[in-house]
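Note sheet for the following structure.
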Amino acid sequence: MSNVNAIELCCSHCGEPVLEFEQHTEELLFCCEGCKTVYHLLHDNDLCAYYNLDEKPGNTISGGIERKRFDYLIDQDVQNKLIDFTHASTASTSFFIPNIHCTSCVWLLENLNKLDDGILQGTVNFLKRQLTLLFDTDKTDLRSIVELLTSIGYEPDLKLEQLSERKKSTVQRNLWLKLGIAGFCFGNIMLFSFPEYLNLSTSSSENTFRIFFGALNIILALPVLLYSSSDYLKSAWAAVSQKGINLDVPISIGIVALFGRSLYEILSGTGAGYFDSFTGFIFFLLIGKLVQKKTFDRLSFDRDYRSYLPISALKLVNGLEESVTVEKLAIGDRIVLRNNELIPADSILESDMAMIDYSFITGESEPVSVKKGDQVFAGGKVCGMQAQMLVTKKVKHSYLVRLWEDNPSGLKDSKITGFADQISPYFTFAVLVIALASCIIWLQIEPAKAFNIFTAVLIVACPCALALSTPFTLGSATNILSLNGLFVKSTEVIEILSKTDTTVFDKTGTITDARNASITYHGSSLNKEELSLIKSAAQTSVHPFSKRIYNYLGNVGSLKPDSVEEITGKGIHALMDNTSLFMGNKQFVEQQTSLTINTKTSTSSQVHIAVNGSYKGYFEFENELRNGLSTLLNKLQRNYRIYLLSGDNEKDGERLHNLFGGWENMRFRQSPYQKQEFINALKTKGNHVLMLGDGLNDAGALQASSFGIAITDDTSSFSPACDAILDGEHLQDLDRHIGFSISSMNIIKASFVLSLIYNLTGLGFAITGYLSPLVAAILMPLSSVSVMVFTSVLTRIKAKQMGFKIWV
């Protein structure tokens, strides 16, 4: 066997290792024909600056593309649902591109018009990895665009959910519009009211202007009342209609009283009114609402099976493959799936054998081998050779869908009763009592002032600062948590997180990190030629263990074997010159070599190696626990009960039972329904359960828990419906996340005290009859601004004390 060069050469396009026998062009090296083709495509269109912006800009596309995969994009109905906007021959669409990773990617995707003159403009949102394209439908179409993106290594991630009716949300737009109107009216009314602050209107001409500006103030205040404040009025009416009281009730009382009193004063000529305070009050309330919403645009939390399944599948029609949308698959259809493609519907395997990865469904970390005639379930992923299947259930009736639909909808309250809403009935009652008592007293002292005193109390007691304290505290807390890896669904759920007393962990993908699985070789030493043959054989395989071995031997040179044969689910046989290599599971190597392998019993996964009939040893794989897990569990056990639920077997039980306080706190081989039942049992005992999971098999448990966290190593990728998404690298900070949520609730209570001080001060002016426009104009905005500053600053101070990052 010839000597092998240990220096690894890299592809000029994607940076992947290049074998001796692969493509080269002059001084450039390519790992495959695909990368070579892309290079020439960019070179011919003067786009080679792409390679100057990043060290490894490209993405390998050695698998090539098949045009028939995208035949479904010819369907007009599919096009209508994927296109965001169309006018005449101009259309706009957006794609999620997972492979966007550097400035070179952004530069190339924004210059696609040089590769297809039908593309008019490309815009990349790097954080969302989203590409928005404007194109001419007379010159190009969706299928051509998707094929172009795929051919250069940027295949869009098209999911079934995109074929659902797109609900183009106008909530954010409406909120900005309401805020803009309130701000515009607030600023102008303050200018018109300025003479009143200084009591400058004395002459008859000035009185004329006073009437004129008063009329303008009424005109400007009307849209604020009817449009900008409508959400609060509707919410209050809904609460009263249901015989309840939330915080919007006293707010709405203040809104109506403030507007009514101001309208009366201007029309009767008895005063200038308080329209400046009224519009400013609404303006600050809307700022608080905007703060609540602005941090949730990046992630989607309410997801279903459509977010996981691909749009299309290859269906066999008269022996020919035809691309169809998965929603059109019917019972009895035959489909063909290739490596890493998802099974869209429950089916029966018609191929002799296949390897299916059910990790996202069951939690089992290793692919399972199925044979002809076996049932396979939607959501599984094909590993290795392509497989032919017979559909036995429609997509909407498959096992994958049942995991969502079988979750009882009443497990988690749809409406959270926050602390502010809890005190609202008492606050409203107290305000009304004080207002009535003040009115009765002033009827005895000076009847002419009684009505004014009554409305003044309602105005000044309006809980504007109270209403702002919660959204600004939780809004700041949400921003800080997102900067530190925890992305919550809404500000309200932080209160639920703060009540946690029991924490339940999934195992695979949650406390383990498959990306950093350790590999250890046990056995006799291997020479360079043997290592090179093992690496080359592993490179041809699609099995996860083969990929890990290939990466493990990264500094070893590669060569081209004479032949490589992979027996799906068992192992690989490779030949090079006179060297024969068998690598795979123990039974495979023993059967092929007639050897008897004696290794000590282990719960870890192993790949055995035999060269020329001689047993060499084995590679052992151990799932690594996430960084800081041991420390985290020790901290949590001081204040919380902790449990482990896993769909995997007990192989990791020995090393985990000390971390979780004994075997009694761990459950293995748990189905999705068993996990959900366990969570329900804990809640029945009155526990506030925090559940952490990563896969679809955890969806029911996440929904059933008091607070569900989906852990992911890519916060933009799919994860099951949950209350929060946690970046896997920040799992070790979970105890601090919980502690910070508790601190945030304490800050809200402190801000309530501050709000109460302002209300009492204002009541003092109101009850004694000294609530002038100047006092109202100063006191109400001052209370709002001071509470906003108090909560925002104090939240960040507390976060810094806890070691959190507080700025981007």
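In the structure tokens, each chain is lettered A, B, ... as it comes, each chain's residues begin at 1, and ligands are numbered from 1 in order of appearance.
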Running DSSP on the backbone, which parts of range 634-736 of chain A land in alpha helix (DSSP H), as a VMD selection string? chain A and resid 634 to 639 653 to 656 672 to 684 699 to 704 734 to 736
All residues 12 Å or closer to Ser228 in chain A, only C-alpha atoms, same chain fewer than 5 positions away omitted, as an MDAnalysis selection string: chainID A and resid 174:186 220:223 233:234 255 278:287 289
Which residue is closest to Leu531 in chain A? Choose from A:Leu486, A:Ala610, A:Asp694, A:Glu590 and count only C-alpha atoms.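 Looking at the shortest contact to Leu531 in chain A, the residue is A:Ala610.
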Which residues come within 10 Å of range 509-512 of chain A, counting only C-alpha atoms, excluding same-chain residues fewer than 5 positions away, as a short mmCIF file (atom, residue, chain, number, x, y, z; two decimals) with C-alpha atoms, in the first residue's frame?
```
data_model
loop_
_atom_site.label_atom_id
_atom_site.label_comp_id
_atom_site.auth_asym_id
_atom_site.auth_seq_id
_atom_site.Cartn_x
_atom_site.Cartn_y
_atom_site.Cartn_z
CA SER A 359 -34.88 10.56 17.84
CA PHE A 360 -37.22 13.52 17.45
CA GLY A 363 -36.11 10.27 22.15
CA SER A 365 -30.72 8.37 20.30
CA ALA A 517 -20.20 13.05 21.77
CA GLU A 622 -20.45 8.24 24.72
CA ASN A 623 -23.02 11.03 24.69
CA GLU A 624 -21.42 13.95 26.47
CA LEU A 625 -23.42 15.77 29.13
CA ARG A 626 -23.83 19.47 28.49
CA ASN A 627 -21.30 21.81 30.04
CA GLY A 628 -22.06 22.73 33.62
CA LEU A 629 -24.88 20.18 34.03
CA SER A 630 -23.49 18.67 37.24
CA LEU A 644 -35.36 12.78 34.57
CA SER A 646 -36.20 9.62 28.87
CA LEU A 692 -37.27 20.87 29.65
CA GLY A 693 -37.26 18.86 26.41
CA ASP A 694 -36.00 19.04 22.87
CA GLY A 695 -38.00 16.71 20.64
CA ALA A 710 -37.67 23.57 24.44
CA ILE A 711 -33.90 23.27 24.31
CA THR A 712 -32.23 23.72 20.95
CA ASP A 713 -28.75 24.29 19.60
CA LEU A 726 -33.44 27.85 25.59
CA GLY A 728 -28.42 24.64 24.62
CA LEU A 731 -28.60 25.28 30.06
CA GLN A 732 -26.04 25.74 32.83
#
```
So that I can see what lies close to Glu650 in chain A, please list as number ranges by chain the residues with an atom at most 9 Å from it, counting only C-alpha atoms and leaving out residues fewer than 4 positions away in the same chain. A: 603, 646, 654, 667-669
Expected file contents, prior selection, N, CA and C atoms, as a PDB file, in the first residue's frame:
```pdb
ATOM      1  N   THR A 603     -22.571  -0.184  28.191  1.00  0.00           N
ATOM      2  CA  THR A 603     -23.846   0.415  27.791  1.00  0.00           C
ATOM      3  C   THR A 603     -23.663   1.402  26.645  1.00  0.00           C
ATOM      4  N   SER A 646     -36.900   9.910  30.120  1.00  0.00           N
ATOM      5  CA  SER A 646     -36.200   9.623  28.872  1.00  0.00           C
ATOM      6  C   SER A 646     -36.904   8.532  28.082  1.00  0.00           C
ATOM      7  N   GLU A 654     -26.351   4.686  35.175  1.00  0.00           N
ATOM      8  CA  GLU A 654     -25.309   4.604  36.202  1.00  0.00           C
ATOM      9  C   GLU A 654     -24.621   5.945  36.422  1.00  0.00           C
ATOM     10  N   ARG A 667     -36.848   8.079  35.090  1.00  0.00           N
ATOM     11  CA  ARG A 667     -37.745   7.176  34.372  1.00  0.00           C
ATOM     12  C   ARG A 667     -37.210   7.000  32.962  1.00  0.00           C
ATOM     13  N   PHE A 668     -36.959   5.734  32.565  1.00  0.00           N
ATOM     14  CA  PHE A 668     -36.472   5.450  31.219  1.00  0.00           C
ATOM     15  C   PHE A 668     -37.546   4.731  30.408  1.00  0.00           C
ATOM     16  N   ARG A 669     -37.307   4.656  29.085  1.00  0.00           N
ATOM     17  CA  ARG A 669     -38.238   4.014  28.144  1.00  0.00           C
ATOM     18  C   ARG A 669     -39.641   4.612  28.264  1.00  0.00           C
TER      19      ARG A 669
END
```
Leaving out Ile423 in chain A and any residue of its chain fewer than 5 positions from it, which residues lie within 12 Å of it when counting only C-alpha atoms, given as a PDB file with N, CA, C and O atoms, in the first residue's frame?
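Contents of selection_8.pdb, as written:
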```
ATOM      1  N   GLY A 244     -66.136  40.183  35.954  1.00  0.00           N
ATOM      2  CA  GLY A 244     -64.792  40.195  36.522  1.00  0.00           C
ATOM      3  C   GLY A 244     -64.198  41.577  36.396  1.00  0.00           C
ATOM      4  O   GLY A 244     -64.759  42.461  35.744  1.00  0.00           O
ATOM      5  N   ILE A 245     -63.054  41.784  37.034  1.00  0.00           N
ATOM      6  CA  ILE A 245     -62.360  43.076  36.953  1.00  0.00           C
ATOM      7  C   ILE A 245     -60.873  42.805  36.752  1.00  0.00           C
ATOM      8  O   ILE A 245     -60.245  42.084  37.533  1.00  0.00           O
ATOM      9  N   ASN A 246     -60.318  43.347  35.664  1.00  0.00           N
ATOM     10  CA  ASN A 246     -58.878  43.286  35.461  1.00  0.00           C
ATOM     11  C   ASN A 246     -58.311  44.694  35.540  1.00  0.00           C
ATOM     12  O   ASN A 246     -59.040  45.657  35.801  1.00  0.00           O
ATOM     13  N   LEU A 247     -57.026  44.830  35.299  1.00  0.00           N
ATOM     14  CA  LEU A 247     -56.386  46.139  35.445  1.00  0.00           C
ATOM     15  C   LEU A 247     -56.913  47.147  34.428  1.00  0.00           C
ATOM     16  O   LEU A 247     -56.870  48.366  34.668  1.00  0.00           O
ATOM     17  N   ASP A 248     -57.454  46.663  33.313  1.00  0.00           N
ATOM     18  CA  ASP A 248     -57.972  47.572  32.294  1.00  0.00           C
ATOM     19  C   ASP A 248     -59.250  48.275  32.739  1.00  0.00           C
ATOM     20  O   ASP A 248     -59.634  49.290  32.149  1.00  0.00           O
ATOM     21  N   VAL A 249     -59.914  47.738  33.751  1.00  0.00           N
ATOM     22  CA  VAL A 249     -61.148  48.381  34.238  1.00  0.00           C
ATOM     23  C   VAL A 249     -60.851  49.735  34.886  1.00  0.00           C
ATOM     24  O   VAL A 249     -61.416  50.757  34.482  1.00  0.00           O
ATOM     25  N   PRO A 250     -59.971  49.804  35.920  1.00  0.00           N
ATOM     26  CA  PRO A 250     -59.670  51.141  36.476  1.00  0.00           C
ATOM     27  C   PRO A 250     -58.979  52.048  35.467  1.00  0.00           C
ATOM     28  O   PRO A 250     -59.160  53.272  35.506  1.00  0.00           O
ATOM     29  N   THR A 417     -53.638  34.988  34.957  1.00  0.00           N
ATOM     30  CA  THR A 417     -54.056  36.029  35.890  1.00  0.00           C
ATOM     31  C   THR A 417     -52.827  36.542  36.617  1.00  0.00           C
ATOM     32  O   THR A 417     -52.299  35.878  37.503  1.00  0.00           O
ATOM     33  N   GLY A 418     -52.348  37.718  36.195  1.00  0.00           N
ATOM     34  CA  GLY A 418     -51.144  38.269  36.774  1.00  0.00           C
ATOM     35  C   GLY A 418     -51.404  38.959  38.099  1.00  0.00           C
ATOM     36  O   GLY A 418     -52.551  39.165  38.513  1.00  0.00           O
ATOM     37  N   THR A 428     -59.862  49.089  42.229  1.00  0.00           N
ATOM     38  CA  THR A 428     -61.034  49.745  41.644  1.00  0.00           C
ATOM     39  C   THR A 428     -62.051  50.106  42.715  1.00  0.00           C
ATOM     40  O   THR A 428     -62.610  51.227  42.728  1.00  0.00           O
ATOM     41  N   PHE A 429     -62.294  49.177  43.621  1.00  0.00           N
ATOM     42  CA  PHE A 429     -63.240  49.412  44.705  1.00  0.00           C
ATOM     43  C   PHE A 429     -62.790  50.588  45.570  1.00  0.00           C
ATOM     44  O   PHE A 429     -63.590  51.475  45.928  1.00  0.00           O
ATOM     45  N   ALA A 430     -61.489  50.620  45.892  1.00  0.00           N
ATOM     46  CA  ALA A 430     -60.963  51.692  46.751  1.00  0.00           C
ATOM     47  C   ALA A 430     -61.090  53.051  46.073  1.00  0.00           C
ATOM     48  O   ALA A 430     -61.468  54.051  46.707  1.00  0.00           O
ATOM     49  N   PRO A 463     -54.596  54.087  37.307  1.00  0.00           N
ATOM     50  CA  PRO A 463     -53.318  53.395  37.580  1.00  0.00           C
ATOM     51  C   PRO A 463     -52.379  53.356  36.378  1.00  0.00           C
ATOM     52  O   PRO A 463     -51.972  52.285  35.921  1.00  0.00           O
ATOM     53  N   LEU A 466     -49.099  52.151  37.571  1.00  0.00           N
ATOM     54  CA  LEU A 466     -49.317  50.751  37.928  1.00  0.00           C
ATOM     55  C   LEU A 466     -49.351  49.881  36.679  1.00  0.00           C
ATOM     56  O   LEU A 466     -48.777  48.791  36.637  1.00  0.00           O
ATOM     57  N   ALA A 467     -50.023  50.392  35.641  1.00  0.00           N
ATOM     58  CA  ALA A 467     -50.141  49.631  34.398  1.00  0.00           C
ATOM     59  C   ALA A 467     -48.813  49.525  33.668  1.00  0.00           C
ATOM     60  O   ALA A 467     -48.561  48.546  32.963  1.00  0.00           O
ATOM     61  N   LYS A 749     -43.323  44.466  42.362  1.00  0.00           N
ATOM     62  CA  LYS A 749     -43.970  44.827  43.635  1.00  0.00           C
ATOM     63  C   LYS A 749     -43.412  46.149  44.171  1.00  0.00           C
ATOM     64  O   LYS A 749     -44.163  46.979  44.703  1.00  0.00           O
ATOM     65  N   PHE A 752     -44.906  48.910  42.240  1.00  0.00           N
ATOM     66  CA  PHE A 752     -46.281  49.148  42.675  1.00  0.00           C
ATOM     67  C   PHE A 752     -46.312  50.095  43.878  1.00  0.00           C
ATOM     68  O   PHE A 752     -47.202  50.949  43.989  1.00  0.00           O
TER      69      PHE A 752
END
```
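Of note, CA of Gly708 in chain A and CA of Phe505 in chain A are spaced 10.4 Å apart.
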